Amino acid sequence: AAQLEAEERAAAAAAAAASIMTGVPQLKLPSASDGMGDFMDMGLMASMVTSRSTSRVSNNGDGVESIEAQRRATEPHLLNIHEDPMLSRALCYFLPAGRSTVMGSKGPQGGEDVLLRGPSIRPAHCTIHHENGELTAVAAPGCRVLVNGRELATTGGQPSPPERLRHNDRLFIGTNYCFVVVHPGEAASGPPSGGEWPEGDWDFVNREMAVAQGLGSDLTVS
(Lines give C-alpha, C1' and ligand atoms only; values in the text may rest on other atoms or scores of the structure.)
Protein backbone atom coordinates (compact mmCIF):
# COMPACT_ATOMS: atom_id res chain seq x y z
CA ALA A 1 0.00 0.00 0.00
CA ALA A 2 2.87 2.36 0.82
CA GLN A 3 4.42 1.73 -2.59
CA LEU A 4 1.11 2.41 -4.35
CA GLU A 5 0.67 5.63 -2.42
CA ALA A 6 4.19 6.69 -3.37
CA GLU A 7 3.37 5.99 -7.01
CA GLU A 8 0.24 8.12 -6.68
CA ARG A 9 2.26 11.06 -5.42
CA ALA A 10 4.96 10.48 -8.03
CA ALA A 11 2.39 10.63 -10.85
CA ALA A 12 1.18 14.04 -9.71
CA ALA A 13 4.75 15.27 -9.32
CA ALA A 14 5.80 13.99 -12.75
CA ALA A 15 2.94 15.79 -14.43
CA ALA A 16 3.80 19.09 -12.77
CA ALA A 17 7.52 18.64 -13.39
CA ALA A 18 6.93 17.98 -17.09
CA SER A 19 4.99 21.23 -17.31
CA ILE A 20 7.83 23.20 -15.72
CA MET A 21 10.71 21.59 -17.66
CA THR A 22 9.07 22.28 -21.00
CA GLY A 23 8.40 25.91 -20.16
CA VAL A 24 4.61 25.65 -20.19
CA PRO A 25 3.43 26.93 -16.79
CA GLN A 26 0.01 25.97 -15.44
CA LEU A 27 -0.78 23.58 -18.28
CA LYS A 28 -4.48 22.86 -18.71
CA LEU A 29 -5.64 19.27 -18.88
CA PRO A 30 -8.08 19.08 -21.82
CA SER A 31 -11.69 18.39 -20.95
CA ALA A 32 -14.47 16.85 -22.99
CA SER A 33 -15.50 20.34 -24.14
CA ASP A 34 -12.11 20.70 -25.86
CA GLY A 35 -12.95 17.85 -28.23
CA MET A 36 -9.99 15.82 -27.00
CA GLY A 37 -11.93 13.07 -25.24
CA ASP A 38 -13.02 12.50 -21.68
CA PHE A 39 -9.99 10.66 -20.38
CA MET A 40 -6.73 12.28 -19.35
CA ASP A 41 -4.24 10.28 -17.30
CA MET A 42 -1.85 12.44 -15.30
CA GLY A 43 0.81 9.79 -15.90
CA LEU A 44 0.71 10.61 -19.62
CA MET A 45 1.29 14.31 -19.12
CA ALA A 46 5.06 14.12 -19.66
CA SER A 47 4.65 12.81 -23.21
CA MET A 48 1.69 15.07 -23.98
CA VAL A 49 3.24 18.33 -22.87
CA THR A 50 6.26 17.91 -25.16
CA SER A 51 4.03 17.62 -28.22
CA ARG A 52 1.40 20.24 -27.39
CA SER A 53 2.14 23.95 -27.68
CA THR A 54 0.10 26.66 -26.03
CA SER A 55 -2.22 28.48 -28.44
CA ARG A 56 -1.64 32.21 -28.60
CA VAL A 57 -3.45 35.27 -29.87
CA SER A 58 -2.26 38.81 -30.56
CA ASN A 59 -2.54 41.32 -27.75
CA ASN A 60 -3.35 44.66 -29.43
CA GLY A 61 0.03 44.72 -31.11
CA ASP A 62 1.87 44.82 -27.78
CA GLY A 63 3.01 41.22 -27.83
CA VAL A 64 1.19 37.94 -27.38
CA GLU A 65 -0.97 36.54 -24.63
CA SER A 66 -1.89 32.89 -24.28
CA ILE A 67 -5.54 31.97 -24.71
CA GLU A 68 -5.18 29.92 -21.56
CA ALA A 69 -4.01 32.98 -19.61
CA GLN A 70 -7.07 34.86 -20.82
CA ARG A 71 -9.30 32.03 -19.64
CA ARG A 72 -7.59 31.88 -16.25
CA ALA A 73 -8.34 35.56 -15.80
CA THR A 74 -12.08 35.04 -16.27
CA GLU A 75 -13.05 31.37 -15.74
CA PRO A 76 -13.13 29.34 -12.50
CA HIS A 77 -10.45 26.65 -12.35
CA LEU A 78 -8.36 24.46 -10.05
CA LEU A 79 -4.59 24.68 -9.59
CA ASN A 80 -2.60 21.81 -8.13
CA ILE A 81 -0.80 22.20 -4.80
CA HIS A 82 2.32 20.09 -4.25
CA GLU A 83 4.71 19.68 -1.32
CA ASP A 84 7.50 20.89 -3.64
CA PRO A 85 6.79 24.61 -4.24
CA MET A 86 8.36 24.36 -7.69
CA LEU A 87 5.64 21.89 -8.71
CA SER A 88 2.70 23.76 -7.20
CA ARG A 89 0.24 25.60 -9.45
CA ALA A 90 1.80 23.98 -12.52
CA LEU A 91 -1.42 22.27 -13.62
CA CYS A 92 -4.68 24.05 -14.38
CA TYR A 93 -8.11 22.40 -14.62
CA PHE A 94 -10.90 24.60 -15.99
CA LEU A 95 -14.44 24.19 -14.63
CA PRO A 96 -16.78 25.01 -17.55
CA ALA A 97 -20.02 26.82 -16.77
CA GLY A 98 -23.16 24.72 -16.94
CA ARG A 99 -21.21 21.48 -16.65
CA SER A 100 -20.20 18.95 -14.03
CA THR A 101 -16.50 18.08 -13.91
CA VAL A 102 -15.91 14.52 -12.74
CA MET A 103 -12.58 13.68 -11.11
CA GLY A 104 -11.42 10.19 -10.23
CA SER A 105 -9.93 6.93 -11.46
CA LYS A 106 -11.13 5.32 -14.66
CA GLY A 107 -14.41 3.51 -14.08
CA PRO A 108 -16.01 0.74 -16.17
CA GLN A 109 -18.41 3.22 -17.79
CA GLY A 110 -15.89 6.00 -18.24
CA GLY A 111 -16.99 9.60 -18.10
CA GLU A 112 -14.23 11.05 -15.91
CA ASP A 113 -13.10 14.48 -17.10
CA VAL A 114 -9.90 14.37 -15.06
CA LEU A 115 -8.26 11.04 -14.32
CA LEU A 116 -6.40 10.66 -11.02
CA ARG A 117 -4.48 7.56 -10.01
CA GLY A 118 -3.70 5.79 -6.78
CA PRO A 119 -5.13 3.45 -4.13
CA SER A 120 -7.08 6.24 -2.44
CA ILE A 121 -8.86 7.31 -5.63
CA ARG A 122 -12.11 5.78 -6.92
CA PRO A 123 -14.13 6.27 -10.11
CA ALA A 124 -16.17 9.50 -10.05
CA HIS A 125 -14.49 10.23 -6.72
CA CYS A 126 -15.44 13.92 -6.69
CA THR A 127 -17.77 15.94 -8.91
CA ILE A 128 -17.64 19.72 -9.19
CA HIS A 129 -20.74 21.47 -10.48
CA HIS A 130 -20.63 24.95 -11.99
CA GLU A 131 -24.09 26.51 -12.18
CA ASN A 132 -25.10 30.18 -12.20
CA GLY A 133 -21.59 31.26 -11.37
CA GLU A 134 -21.35 29.08 -8.25
CA LEU A 135 -19.17 26.02 -7.68
CA THR A 136 -20.16 23.06 -5.52
CA ALA A 137 -18.31 19.82 -4.76
CA VAL A 138 -19.89 16.42 -4.12
CA ALA A 139 -17.99 13.41 -2.83
CA ALA A 140 -19.05 9.95 -4.01
CA PRO A 141 -20.11 7.46 -1.30
CA GLY A 142 -17.15 6.37 0.81
CA CYS A 143 -14.73 8.72 -0.94
CA ARG A 144 -12.39 11.04 0.93
CA VAL A 145 -12.79 14.67 -0.11
CA LEU A 146 -11.88 17.60 2.12
CA VAL A 147 -12.68 21.29 1.70
CA ASN A 148 -10.56 23.63 3.81
CA GLY A 149 -9.49 20.70 5.98
CA ARG A 150 -13.01 19.44 6.68
CA GLU A 151 -14.08 16.10 5.22
CA LEU A 152 -17.33 15.97 3.28
CA ALA A 153 -19.68 13.54 5.00
CA THR A 154 -20.97 10.56 3.01
CA THR A 155 -23.32 8.36 5.01
CA GLY A 156 -25.70 5.52 4.26
CA GLY A 157 -24.12 4.85 0.89
CA GLN A 158 -25.15 8.31 -0.34
CA PRO A 159 -23.03 11.07 -1.88
CA SER A 160 -22.20 14.03 0.31
CA PRO A 161 -24.48 17.09 0.28
CA PRO A 162 -23.19 19.71 -2.16
CA GLU A 163 -20.44 21.83 -0.59
CA ARG A 164 -20.03 25.39 -1.86
CA LEU A 165 -16.57 26.14 -3.20
CA ARG A 166 -15.33 29.71 -3.07
CA HIS A 167 -12.25 31.47 -4.32
CA ASN A 168 -9.06 30.26 -2.60
CA ASP A 169 -10.75 27.23 -0.98
CA ARG A 170 -8.49 24.21 -0.62
CA LEU A 171 -9.75 20.92 -2.09
CA PHE A 172 -8.09 17.65 -1.06
CA ILE A 173 -9.00 14.45 -2.94
CA GLY A 174 -7.94 11.05 -1.65
CA THR A 175 -4.68 11.18 0.30
CA ASN A 176 -2.33 13.02 -2.05
CA TYR A 177 -4.16 15.22 -4.56
CA CYS A 178 -4.56 18.80 -3.43
CA PHE A 179 -5.93 21.82 -5.32
CA VAL A 180 -6.76 25.45 -4.72
CA VAL A 181 -9.96 26.92 -6.18
CA VAL A 182 -9.55 30.02 -8.33
CA HIS A 183 -12.75 31.96 -9.01
CA PRO A 184 -11.81 35.26 -10.73
CA GLY A 185 -15.26 36.77 -10.26
CA GLU A 186 -15.13 36.25 -6.49
CA ALA A 187 -11.46 37.19 -6.24
CA ALA A 188 -12.23 40.65 -7.58
CA SER A 189 -14.44 41.31 -4.54
CA GLY A 190 -11.66 40.49 -2.08
CA PRO A 191 -11.71 38.16 0.96
CA PRO A 192 -15.18 37.94 2.57
CA SER A 193 -13.79 38.85 6.00
CA GLY A 194 -11.34 41.46 4.79
CA GLY A 195 -7.60 41.15 5.17
CA GLU A 196 -5.78 38.83 2.78
CA TRP A 197 -6.43 35.46 1.21
CA PRO A 198 -4.72 32.61 3.12
CA GLU A 199 -1.61 31.26 1.43
CA GLY A 200 -2.70 27.90 0.03
CA ASP A 201 0.61 26.06 0.00
CA TRP A 202 1.22 22.44 1.00
CA ASP A 203 2.24 23.32 4.56
CA PHE A 204 -0.84 25.48 5.08
CA VAL A 205 -3.16 22.77 3.77
CA ASN A 206 -1.73 20.13 6.11
CA ARG A 207 -1.84 22.43 9.15
CA GLU A 208 -5.41 23.30 8.18
CA MET A 209 -6.37 19.61 8.21
CA ALA A 210 -4.72 19.18 11.62
CA VAL A 211 -6.74 22.07 13.04
CA ALA A 212 -9.97 20.66 11.59
CA GLN A 213 -9.20 17.33 13.29
CA GLY A 214 -8.47 19.00 16.62
CA LEU A 215 -4.75 18.24 16.42
CA GLY A 216 -3.51 21.83 16.36
CA SER A 217 -4.48 25.42 16.89
CA ASP A 218 -1.72 27.47 15.26
CA LEU A 219 -3.64 28.39 12.13
CA THR A 220 -6.11 31.13 11.30
CA VAL A 221 -8.60 29.37 9.01
CA SER A 222 -10.60 31.42 6.50
# chains A, B, ... in the order shown; residues from 1 in each chain; ligands from 1
>>> residues_around(residues="A:Thr74", least_positions_apart="5", cutoff="8 Å", atoms="only C-alpha atoms", output="PDB file with N, CA and C atoms, in the first residue's frame")
ATOM      1  N   HIS A 183     -11.497  31.453  -8.449  1.00  0.00           N
ATOM      2  CA  HIS A 183     -12.746  31.964  -9.013  1.00  0.00           C
ATOM      3  C   HIS A 183     -12.545  33.462  -9.254  1.00  0.00           C
ATOM      4  N   PRO A 184     -12.141  33.851 -10.463  1.00  0.00           N
ATOM      5  CA  PRO A 184     -11.806  35.258 -10.730  1.00  0.00           C
ATOM      6  C   PRO A 184     -12.913  36.234 -10.355  1.00  0.00           C
ATOM      7  N   GLY A 185     -14.165  35.867 -10.585  1.00  0.00           N
ATOM      8  CA  GLY A 185     -15.260  36.768 -10.258  1.00  0.00           C
ATOM      9  C   GLY A 185     -15.338  37.063  -8.771  1.00  0.00           C
TER      10      GLY A 185
END
>>> closest_residue(among="A:Leu95, A:Asp169, A:Thr101, A:Thr175", to="A:Arg122", atoms="only C-alpha atoms")
A:Thr175
>>> atom_distance(atom1="atom CA of A:Ser120", atom2="atom CA of A:Gly200")
22.2 Å
